[in-house]
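Shown next, in structure tokens, is the structure this report addresses.
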Amino acid sequence: MTYKDKIKHVALSLIFLFIFLLITKNIVISFLAVYALVIIKELYDIKKGKNTPIQSLQDIIADIIG
């Protein structure tokens with residue numbers, strides 16, 4: 001687990017959340033949109049062999065913290 005990578009996940013989640021919030025003006029829709037993107041990206045990483053399921057779970061947790 002690299003902490004720099006997890007910090008990037010937290011930061012990007014916050015950035016995407018604020019962008020979606022500016023667009024939708026709805027915090028619930030913004031959260032759902034960001035986490036849908038996170039899950040899709042992590043499933044893609046697992047399928048392509050970039051991450052193990054454990055690494056992807058850690059990334060999702062870092063994104064949720066963000």
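So you can find residues: chains in the structure tokens are A, B, ... in the order shown, residues in each start at 1, and ligands are numbered from 1 in order.
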Do a neighbour search on Phe31 (chain A) at 9 Å with only C-alpha atoms, toss out local chain neighbours closer than 5 positions, and write the hits as an NGL selection string. :A and (17 or 20-21 or 26 or 36)
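Coordinates place CA of Asp5 (chain A) at a distance of 14.5 Å from CA of Lys41 (chain A).
Comparing the minimum interatomic distances between Tyr35 (chain A) and each of A:Val10, A:Gln55, A:Lys47, A:Thr2, counting only C-alpha atoms, we find that A:Val10 sits nearest.
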